[in-house]
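Heads up, final_29.cif below (mmCIF, N, CA and C atoms):
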data_protein
loop_
_atom_site.group_PDB
_atom_site.id
_atom_site.type_symbol
_atom_site.label_atom_id
_atom_site.label_comp_id
_atom_site.auth_asym_id
_atom_site.auth_seq_id
_atom_site.Cartn_x
_atom_site.Cartn_y
_atom_site.Cartn_z
ATOM 1 N N MET A 627 -2.568 8.437 -23.941
ATOM 2 C CA MET A 627 -3.518 8.338 -22.860
ATOM 3 C C MET A 627 -2.999 9.185 -21.705
ATOM 4 N N ASP A 628 -3.734 10.230 -21.343
ATOM 5 C CA ASP A 628 -3.300 11.081 -20.248
ATOM 6 C C ASP A 628 -3.727 10.483 -18.905
ATOM 7 N N ILE A 629 -3.271 11.097 -17.835
ATOM 8 C CA ILE A 629 -3.503 10.552 -16.494
ATOM 9 C C ILE A 629 -4.986 10.541 -16.137
ATOM 10 N N ASN A 630 -5.732 11.571 -16.524
ATOM 11 C CA ASN A 630 -7.170 11.607 -16.223
ATOM 12 C C ASN A 630 -7.907 10.483 -16.935
ATOM 13 N N SER A 631 -7.527 10.232 -18.164
ATOM 14 C CA SER A 631 -8.134 9.148 -18.935
ATOM 15 C C SER A 631 -7.821 7.797 -18.292
ATOM 16 N N SER A 632 -6.597 7.634 -17.832
ATOM 17 C CA SER A 632 -6.204 6.385 -17.177
ATOM 18 C C SER A 632 -6.975 6.172 -15.881
ATOM 19 N N ILE A 633 -7.127 7.228 -15.106
ATOM 20 C CA ILE A 633 -7.864 7.129 -13.846
ATOM 21 C C ILE A 633 -9.322 6.775 -14.110
ATOM 22 N N ARG A 634 -9.923 7.401 -15.131
ATOM 23 C CA ARG A 634 -11.305 7.080 -15.486
ATOM 24 C C ARG A 634 -11.425 5.626 -15.917
ATOM 25 N N SER A 635 -10.470 5.155 -16.688
ATOM 26 C CA SER A 635 -10.501 3.779 -17.171
ATOM 27 C C SER A 635 -10.384 2.787 -16.011
ATOM 28 N N ILE A 636 -9.436 3.016 -15.116
ATOM 29 C CA ILE A 636 -9.241 2.140 -13.959
ATOM 30 C C ILE A 636 -10.493 2.155 -13.072
ATOM 31 N N SER A 637 -11.019 3.346 -12.819
ATOM 32 C CA SER A 637 -12.213 3.475 -11.976
ATOM 33 C C SER A 637 -13.393 2.756 -12.601
ATOM 34 N N SER A 638 -13.560 2.906 -13.890
ATOM 35 C CA SER A 638 -14.677 2.275 -14.588
ATOM 36 C C SER A 638 -14.578 0.759 -14.537
ATOM 37 N N ILE A 639 -13.401 0.216 -14.799
ATOM 38 C CA ILE A 639 -13.214 -1.242 -14.759
ATOM 39 C C ILE A 639 -13.516 -1.775 -13.365
ATOM 40 N N CYS A 640 -12.978 -1.133 -12.341
ATOM 41 C CA CYS A 640 -13.187 -1.596 -10.960
ATOM 42 C C CYS A 640 -14.645 -1.448 -10.530
ATOM 43 N N PHE A 641 -15.289 -0.364 -10.919
ATOM 44 C CA PHE A 641 -16.683 -0.115 -10.557
ATOM 45 C C PHE A 641 -17.602 -1.154 -11.195
ATOM 46 N N ILE A 642 -17.417 -1.406 -12.473
ATOM 47 C CA ILE A 642 -18.260 -2.382 -13.172
ATOM 48 C C ILE A 642 -18.024 -3.783 -12.605
ATOM 49 N N PHE A 643 -16.762 -4.113 -12.305
ATOM 50 C CA PHE A 643 -16.462 -5.400 -11.674
ATOM 51 C C PHE A 643 -17.200 -5.528 -10.348
ATOM 52 N N ALA A 644 -17.125 -4.490 -9.511
ATOM 53 C CA ALA A 644 -17.758 -4.527 -8.191
ATOM 54 C C ALA A 644 -19.264 -4.716 -8.314
ATOM 55 N N ILE A 645 -19.890 -4.015 -9.244
ATOM 56 C CA ILE A 645 -21.332 -4.166 -9.447
ATOM 57 C C ILE A 645 -21.658 -5.605 -9.844
ATOM 58 N N GLY A 646 -20.935 -6.128 -10.818
ATOM 59 C CA GLY A 646 -21.188 -7.487 -11.282
ATOM 60 C C GLY A 646 -20.954 -8.530 -10.207
ATOM 61 N N TYR A 647 -19.878 -8.377 -9.472
ATOM 62 C CA TYR A 647 -19.517 -9.358 -8.444
ATOM 63 C C TYR A 647 -20.527 -9.339 -7.293
ATOM 64 N N LEU A 648 -20.911 -8.143 -6.864
ATOM 65 C CA LEU A 648 -21.879 -8.033 -5.774
ATOM 66 C C LEU A 648 -23.271 -8.497 -6.200
ATOM 67 N N LEU A 649 -23.669 -8.176 -7.425
ATOM 68 C CA LEU A 649 -24.960 -8.664 -7.923
ATOM 69 C C LEU A 649 -24.967 -10.186 -8.010
ATOM 70 N N ALA A 650 -23.862 -10.760 -8.441
ATOM 71 C CA ALA A 650 -23.758 -12.223 -8.508
ATOM 72 C C ALA A 650 -23.939 -12.818 -7.116
ATOM 73 N N LYS A 651 -23.369 -12.174 -6.115
ATOM 74 C CA LYS A 651 -23.516 -12.641 -4.726
ATOM 75 C C LYS A 651 -24.973 -12.533 -4.286
ATOM 76 N N LEU A 652 -25.589 -11.391 -4.574
ATOM 77 C CA LEU A 652 -26.990 -11.183 -4.189
ATOM 78 C C LEU A 652 -27.932 -12.144 -4.905
ATOM 79 N N LEU A 653 -27.605 -12.514 -6.124
ATOM 80 C CA LEU A 653 -28.434 -13.436 -6.895
ATOM 81 C C LEU A 653 -28.183 -14.896 -6.534
ATOM 82 N N GLY A 654 -27.190 -15.153 -5.695
ATOM 83 C CA GLY A 654 -26.907 -16.499 -5.236
ATOM 84 C C GLY A 654 -26.147 -17.360 -6.234
ATOM 85 N N LEU A 655 -25.413 -16.738 -7.146
ATOM 86 C CA LEU A 655 -24.620 -17.514 -8.096
ATOM 87 C C LEU A 655 -23.480 -18.228 -7.384
ATOM 88 N N VAL A 656 -23.060 -19.350 -7.918
ATOM 89 C CA VAL A 656 -21.892 -20.036 -7.382
ATOM 90 C C VAL A 656 -20.647 -19.289 -7.857
ATOM 91 N N TYR A 657 -19.553 -19.490 -7.145
ATOM 92 C CA TYR A 657 -18.300 -18.788 -7.462
ATOM 93 C C TYR A 657 -17.865 -19.009 -8.908
ATOM 94 N N GLU A 658 -18.020 -20.238 -9.383
ATOM 95 C CA GLU A 658 -17.562 -20.578 -10.735
ATOM 96 C C GLU A 658 -18.308 -19.801 -11.816
ATOM 97 N N ASN A 659 -19.466 -19.258 -11.493
ATOM 98 C CA ASN A 659 -20.195 -18.395 -12.425
ATOM 99 C C ASN A 659 -20.009 -16.916 -12.089
ATOM 100 N N ALA A 660 -19.944 -16.599 -10.816
ATOM 101 C CA ALA A 660 -19.870 -15.205 -10.375
ATOM 102 C C ALA A 660 -18.573 -14.525 -10.823
ATOM 103 N N ALA A 661 -17.448 -15.186 -10.608
ATOM 104 C CA ALA A 661 -16.156 -14.567 -10.939
ATOM 105 C C ALA A 661 -16.021 -14.305 -12.443
ATOM 106 N N PRO A 662 -16.280 -15.283 -13.309
ATOM 107 C CA PRO A 662 -16.175 -14.988 -14.742
ATOM 108 C C PRO A 662 -17.165 -13.921 -15.215
ATOM 109 N N CYS A 663 -18.378 -13.927 -14.648
ATOM 110 C CA CYS A 663 -19.359 -12.905 -15.040
ATOM 111 C C CYS A 663 -18.848 -11.500 -14.730
ATOM 112 N N ALA A 664 -18.305 -11.331 -13.545
ATOM 113 C CA ALA A 664 -17.794 -10.015 -13.151
ATOM 114 C C ALA A 664 -16.590 -9.619 -13.997
ATOM 115 N N MET A 665 -15.709 -10.576 -14.276
ATOM 116 C CA MET A 665 -14.510 -10.278 -15.075
ATOM 117 C C MET A 665 -14.877 -9.920 -16.517
ATOM 118 N N ILE A 666 -15.796 -10.673 -17.104
ATOM 119 C CA ILE A 666 -16.212 -10.392 -18.481
ATOM 120 C C ILE A 666 -16.913 -9.044 -18.554
ATOM 121 N N GLY A 667 -17.748 -8.745 -17.562
ATOM 122 C CA GLY A 667 -18.434 -7.460 -17.541
ATOM 123 C C GLY A 667 -17.473 -6.287 -17.430
ATOM 124 N N ALA A 668 -16.396 -6.470 -16.674
ATOM 125 C CA ALA A 668 -15.423 -5.386 -16.466
ATOM 126 C C ALA A 668 -14.457 -5.237 -17.630
ATOM 127 N N SER A 669 -14.315 -6.276 -18.420
ATOM 128 C CA SER A 669 -13.343 -6.247 -19.519
ATOM 129 C C SER A 669 -13.754 -5.249 -20.596
ATOM 130 N N ASN A 670 -12.757 -4.657 -21.221
ATOM 131 C CA ASN A 670 -13.011 -3.728 -22.320
ATOM 132 C C ASN A 670 -12.925 -4.402 -23.685
ATOM 133 N N HIS A 671 -12.728 -5.705 -23.705
ATOM 134 C CA HIS A 671 -12.678 -6.496 -24.942
ATOM 135 C C HIS A 671 -11.689 -5.899 -25.947
ATOM 136 N N PHE A 672 -10.471 -5.680 -25.475
ATOM 137 C CA PHE A 672 -9.462 -5.064 -26.318
ATOM 138 C C PHE A 672 -9.064 -5.921 -27.510
ATOM 139 N N GLU A 673 -9.241 -7.245 -27.423
ATOM 140 C CA GLU A 673 -8.864 -8.074 -28.564
ATOM 141 C C GLU A 673 -9.694 -7.707 -29.797
ATOM 142 N N VAL A 674 -10.960 -7.353 -29.587
ATOM 143 C CA VAL A 674 -11.808 -6.926 -30.705
ATOM 144 C C VAL A 674 -11.347 -5.565 -31.217
ATOM 145 N N THR A 675 -10.975 -4.699 -30.302
ATOM 146 C CA THR A 675 -10.491 -3.372 -30.682
ATOM 147 C C THR A 675 -9.216 -3.475 -31.510
ATOM 148 N N ILE A 676 -8.297 -4.319 -31.087
ATOM 149 C CA ILE A 676 -7.041 -4.486 -31.828
ATOM 150 C C ILE A 676 -7.299 -5.048 -33.211
ATOM 151 N N ALA A 677 -8.138 -6.067 -33.296
ATOM 152 C CA ALA A 677 -8.433 -6.666 -34.603
ATOM 153 C C ALA A 677 -9.096 -5.661 -35.537
ATOM 154 N N THR A 678 -10.046 -4.910 -35.029
ATOM 155 C CA THR A 678 -10.745 -3.925 -35.855
ATOM 156 C C THR A 678 -9.804 -2.818 -36.307
ATOM 157 N N SER A 679 -9.000 -2.302 -35.399
ATOM 158 C CA SER A 679 -8.059 -1.242 -35.749
ATOM 159 C C SER A 679 -7.047 -1.710 -36.793
ATOM 160 N N THR A 680 -6.560 -2.928 -36.633
ATOM 161 C CA THR A 680 -5.598 -3.473 -37.585
ATOM 162 C C THR A 680 -6.234 -3.643 -38.961
ATOM 163 N N MET A 681 -7.482 -4.111 -38.994
ATOM 164 C CA MET A 681 -8.174 -4.270 -40.281
ATOM 165 C C MET A 681 -8.397 -2.926 -40.960
ATOM 166 N N LEU A 682 -8.771 -1.923 -40.170
ATOM 167 C CA LEU A 682 -9.098 -0.618 -40.748
ATOM 168 C C LEU A 682 -7.871 0.225 -41.088
ATOM 169 N N PHE A 683 -6.856 0.213 -40.233
ATOM 170 C CA PHE A 683 -5.746 1.136 -40.378
ATOM 171 C C PHE A 683 -4.409 0.477 -40.698
ATOM 172 N N GLY A 684 -4.309 -0.840 -40.583
ATOM 173 C CA GLY A 684 -3.060 -1.533 -40.870
ATOM 174 C C GLY A 684 -2.171 -1.642 -39.645
ATOM 175 N N LEU A 685 -1.178 -2.511 -39.745
ATOM 176 C CA LEU A 685 -0.296 -2.783 -38.609
ATOM 177 C C LEU A 685 0.602 -1.613 -38.235
ATOM 178 N N ALA A 686 0.947 -0.771 -39.194
ATOM 179 C CA ALA A 686 1.914 0.295 -38.946
ATOM 180 C C ALA A 686 1.269 1.596 -38.461
ATOM 181 N N SER A 687 -0.041 1.606 -38.258
ATOM 182 C CA SER A 687 -0.699 2.872 -37.910
ATOM 183 C C SER A 687 -0.598 3.194 -36.429
ATOM 184 N N GLY A 688 -0.676 4.468 -36.119
ATOM 185 C CA GLY A 688 -0.683 4.919 -34.727
ATOM 186 C C GLY A 688 -1.933 4.467 -33.998
ATOM 187 N N SER A 689 -3.050 4.362 -34.709
ATOM 188 C CA SER A 689 -4.301 3.913 -34.084
ATOM 189 C C SER A 689 -4.179 2.487 -33.581
ATOM 190 N N SER A 690 -3.562 1.644 -34.389
ATOM 191 C CA SER A 690 -3.368 0.254 -33.956
ATOM 192 C C SER A 690 -2.442 0.194 -32.748
ATOM 193 N N LEU A 691 -1.421 1.009 -32.748
ATOM 194 C CA LEU A 691 -0.506 1.055 -31.609
ATOM 195 C C LEU A 691 -1.229 1.519 -30.350
ATOM 196 N N ALA A 692 -2.096 2.501 -30.490
ATOM 197 C CA ALA A 692 -2.829 3.017 -29.333
ATOM 198 C C ALA A 692 -3.726 1.946 -28.711
ATOM 199 N N THR A 693 -4.308 1.072 -29.533
ATOM 200 C CA THR A 693 -5.162 0.024 -28.974
ATOM 201 C C THR A 693 -4.344 -0.983 -28.181
ATOM 202 N N VAL A 694 -3.112 -1.229 -28.597
ATOM 203 C CA VAL A 694 -2.250 -2.156 -27.863
ATOM 204 C C VAL A 694 -1.869 -1.563 -26.510
ATOM 205 N N VAL A 695 -1.640 -0.263 -26.450
ATOM 206 C CA VAL A 695 -1.311 0.402 -25.191
ATOM 207 C C VAL A 695 -2.465 0.250 -24.203
ATOM 208 N N GLY A 696 -3.693 0.281 -24.706
ATOM 209 C CA GLY A 696 -4.853 0.065 -23.847
ATOM 210 C C GLY A 696 -4.805 -1.287 -23.164
ATOM 211 N N VAL A 697 -4.404 -2.302 -23.896
ATOM 212 C CA VAL A 697 -4.293 -3.650 -23.325
ATOM 213 C C VAL A 697 -3.240 -3.663 -22.227
ATOM 214 N N LEU A 698 -2.165 -2.962 -22.442
ATOM 215 C CA LEU A 698 -1.089 -2.946 -21.455
ATOM 216 C C LEU A 698 -1.539 -2.325 -20.131
ATOM 217 N N THR A 699 -2.510 -1.432 -20.186
ATOM 218 C CA THR A 699 -3.024 -0.862 -18.940
ATOM 219 C C THR A 699 -4.103 -1.737 -18.321
ATOM 220 N N GLU A 700 -4.847 -2.481 -19.148
ATOM 221 C CA GLU A 700 -5.937 -3.291 -18.610
ATOM 222 C C GLU A 700 -5.443 -4.575 -17.942
ATOM 223 N N VAL A 701 -4.413 -5.188 -18.459
ATOM 224 C CA VAL A 701 -3.954 -6.488 -17.950
ATOM 225 C C VAL A 701 -3.613 -6.439 -16.450
ATOM 226 N N PRO A 702 -2.815 -5.484 -15.967
ATOM 227 C CA PRO A 702 -2.539 -5.463 -14.523
ATOM 228 C C PRO A 702 -3.794 -5.240 -13.677
ATOM 229 N N ILE A 703 -4.729 -4.449 -14.186
ATOM 230 C CA ILE A 703 -5.974 -4.206 -13.453
ATOM 231 C C ILE A 703 -6.773 -5.504 -13.354
ATOM 232 N N MET A 704 -6.872 -6.227 -14.457
ATOM 233 C CA MET A 704 -7.620 -7.477 -14.459
ATOM 234 C C MET A 704 -6.956 -8.512 -13.542
ATOM 235 N N LEU A 705 -5.629 -8.529 -13.509
ATOM 236 C CA LEU A 705 -4.931 -9.447 -12.602
ATOM 237 C C LEU A 705 -5.214 -9.103 -11.139
ATOM 238 N N MET A 706 -5.315 -7.817 -10.848
ATOM 239 C CA MET A 706 -5.676 -7.387 -9.494
ATOM 240 C C MET A 706 -7.087 -7.885 -9.151
ATOM 241 N N LEU A 707 -8.001 -7.817 -10.113
ATOM 242 C CA LEU A 707 -9.365 -8.277 -9.882
ATOM 243 C C LEU A 707 -9.414 -9.801 -9.704
ATOM 244 N N VAL A 708 -8.548 -10.513 -10.395
ATOM 245 C CA VAL A 708 -8.444 -11.962 -10.196
ATOM 246 C C VAL A 708 -8.033 -12.249 -8.751
ATOM 247 N N LYS A 709 -7.064 -11.496 -8.242
ATOM 248 C CA LYS A 709 -6.631 -11.679 -6.844
ATOM 249 C C LYS A 709 -7.799 -11.418 -5.887
ATOM 250 N N ILE A 710 -8.616 -10.412 -6.187
ATOM 251 C CA ILE A 710 -9.786 -10.126 -5.352
ATOM 252 C C ILE A 710 -10.758 -11.297 -5.393
ATOM 253 N N CYS A 711 -10.990 -11.835 -6.591
ATOM 254 C CA CYS A 711 -11.886 -12.997 -6.717
ATOM 255 C C CYS A 711 -11.368 -14.175 -5.897
ATOM 256 N N LEU A 712 -10.095 -14.449 -6.014
ATOM 257 C CA LEU A 712 -9.520 -15.579 -5.275
ATOM 258 C C LEU A 712 -9.598 -15.359 -3.766
ATOM 259 N N ALA A 713 -9.382 -14.123 -3.345
ATOM 260 C CA ALA A 713 -9.412 -13.828 -1.909
ATOM 261 C C ALA A 713 -10.826 -13.881 -1.330
ATOM 262 N N THR A 714 -11.832 -13.691 -2.163
ATOM 263 C CA THR A 714 -13.216 -13.654 -1.685
ATOM 264 C C THR A 714 -14.036 -14.854 -2.154
ATOM 265 N N ARG A 715 -13.383 -15.875 -2.680
ATOM 266 C CA ARG A 715 -14.126 -17.021 -3.232
ATOM 267 C C ARG A 715 -14.967 -17.726 -2.184
ATOM 268 N N ASN A 716 -14.608 -17.611 -0.919
ATOM 269 C CA ASN A 716 -15.390 -18.261 0.138
ATOM 270 C C ASN A 716 -16.693 -17.537 0.442
ATOM 271 N N TRP A 717 -16.918 -16.367 -0.135
ATOM 272 C CA TRP A 717 -18.183 -15.656 0.013
ATOM 273 C C TRP A 717 -19.304 -16.374 -0.721
ATOM 274 N N PHE A 718 -18.940 -17.189 -1.707
ATOM 275 C CA PHE A 718 -19.914 -17.799 -2.602
ATOM 276 C C PHE A 718 -20.069 -19.279 -2.329
ATOM 277 N N LYS A 719 -21.248 -19.794 -2.705
ATOM 278 C CA LYS A 719 -21.462 -21.232 -2.682
ATOM 279 C C LYS A 719 -20.601 -21.844 -3.777
ATOM 280 N N ARG A 720 -20.298 -23.117 -3.616
ATOM 281 C CA ARG A 720 -19.529 -23.845 -4.628
ATOM 282 C C ARG A 720 -20.478 -24.722 -5.421
ATOM 283 N N ALA A 721 -20.173 -24.911 -6.689
ATOM 284 C CA ALA A 721 -20.936 -25.858 -7.493
ATOM 285 C C ALA A 721 -20.709 -27.244 -6.901
ATOM 286 N N PRO A 722 -21.759 -28.008 -6.618
ATOM 287 C CA PRO A 722 -21.609 -29.270 -5.890
ATOM 288 C C PRO A 722 -20.747 -30.311 -6.593
ATOM 289 N N GLU A 723 -20.679 -30.293 -7.891
ATOM 290 C CA GLU A 723 -19.920 -31.326 -8.597
ATOM 291 C C GLU A 723 -18.435 -31.009 -8.724
ATOM 292 N N LEU A 724 -17.999 -29.870 -8.217
ATOM 293 C CA LEU A 724 -16.602 -29.470 -8.360
ATOM 294 C C LEU A 724 -15.828 -29.679 -7.065
ATOM 295 N N THR A 725 -14.548 -29.978 -7.209
ATOM 296 C CA THR A 725 -13.653 -30.115 -6.068
ATOM 297 C C THR A 725 -13.395 -28.729 -5.482
ATOM 298 N N PRO A 726 -13.317 -28.597 -4.157
ATOM 299 C CA PRO A 726 -13.017 -27.290 -3.566
ATOM 300 C C PRO A 726 -11.715 -26.700 -4.120
ATOM 301 N N ILE A 727 -11.709 -25.402 -4.280
ATOM 302 C CA ILE A 727 -10.543 -24.705 -4.805
ATOM 303 C C ILE A 727 -9.364 -24.926 -3.862
ATOM 304 N N GLY A 728 -8.201 -25.196 -4.439
ATOM 305 C CA GLY A 728 -7.009 -25.369 -3.645
ATOM 306 C C GLY A 728 -6.732 -26.807 -3.242
ATOM 307 N N ARG A 729 -7.640 -27.736 -3.556
ATOM 308 C CA ARG A 729 -7.444 -29.129 -3.199
ATOM 309 C C ARG A 729 -7.429 -29.970 -4.479
ATOM 310 N N ARG A 730 -6.484 -30.855 -4.545
ATOM 311 C CA ARG A 730 -6.388 -31.763 -5.697
ATOM 312 C C ARG A 730 -6.323 -33.189 -5.200
ATOM 313 N N ASP A 731 -6.937 -34.054 -5.971
ATOM 314 C CA ASP A 731 -6.787 -35.479 -5.678
ATOM 315 C C ASP A 731 -5.555 -35.974 -6.408
ATOM 316 N N ILE A 732 -4.645 -36.582 -5.662
ATOM 317 C CA ILE A 732 -3.401 -37.051 -6.295
ATOM 318 C C ILE A 732 -3.456 -38.553 -6.427
#
Can you present the structure in this file as structure tokens?
Amino acid sequence: MDINSSIRSISSICFIFAIGYLLAKLLGLVYENAAPCAMIGASNHFEVTIATSTMLFGLASGSSLATVVGVLTEVPIMLMLVKICLATRNWFKRAPELTPIGRRDI
């Protein structure tokens, strides 16, 4: 994966996340639905890619290895998006039956 490909991948994940997250806000979704929707939309579903590559090419192939490298680049990006969701969770309404985030009954 060259640097241009990596930049395109990062940009695409962040762009799709932003579209999904902002649309969820505009549609009035609660946070508990908005954040997962945006994350799932931005995900590249690498687990399916790894399984398919392994079935087609075997565990020892370069193609299977390349799909694992993709996951290694996506995980930090997705964690960054989780931090964004947590930092902006107050933008959204909360589902009425749920306890506010950050508070636990002991």
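Distance annotation: of A:Ser669, A:Ser687, A:Phe718, A:Glu723, the residue with the minimal separation from Ala650 (chain A) is A:Phe718; atom set is all atoms listed in the file.
Going from atom N of Glu658 (chain A) over to CA of Met704 (chain A), you cover 17.2 Å.
Near (-23.5, -16.9, -6.1), the residues inside the 12 Å limit, counting only C-alpha atoms, come to A:Gly646, A:Tyr647, A:Leu648, A:Leu649, A:Ala650, A:Lys651, A:Leu652, A:Leu653, A:Gly654, A:Leu655, A:Val656, A:Tyr657, A:Glu658, A:Asn659, A:Ala660, A:Ala661, A:Pro662, A:Cys663, A:Ala664, A:Thr714, A:Arg715, A:Asn716, A:Trp717, A:Phe718, A:Lys719, A:Arg720, A:Ala721.
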Straight-line distance linking atom N of Val674 (chain A) with CA of Cys640 (chain A), stated in Å to one decimal: 19.6 Å
Point-to-point distance in Å for CA of Leu705 (chain A) and CA of Ile642 (chain A): 15.1 Å
Alpha helix (DSSP H) per DSSP on the backbone: members of chain A, as a ChimeraX atom specification: /A:629-652,657-668,672-683,688-713
Option closest in space to Ser637 (chain A), from A:Val701, A:Ala668, A:Met681, A:Leu712 [counting only C-alpha atoms]: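 Closest candidate: A:Ala668.
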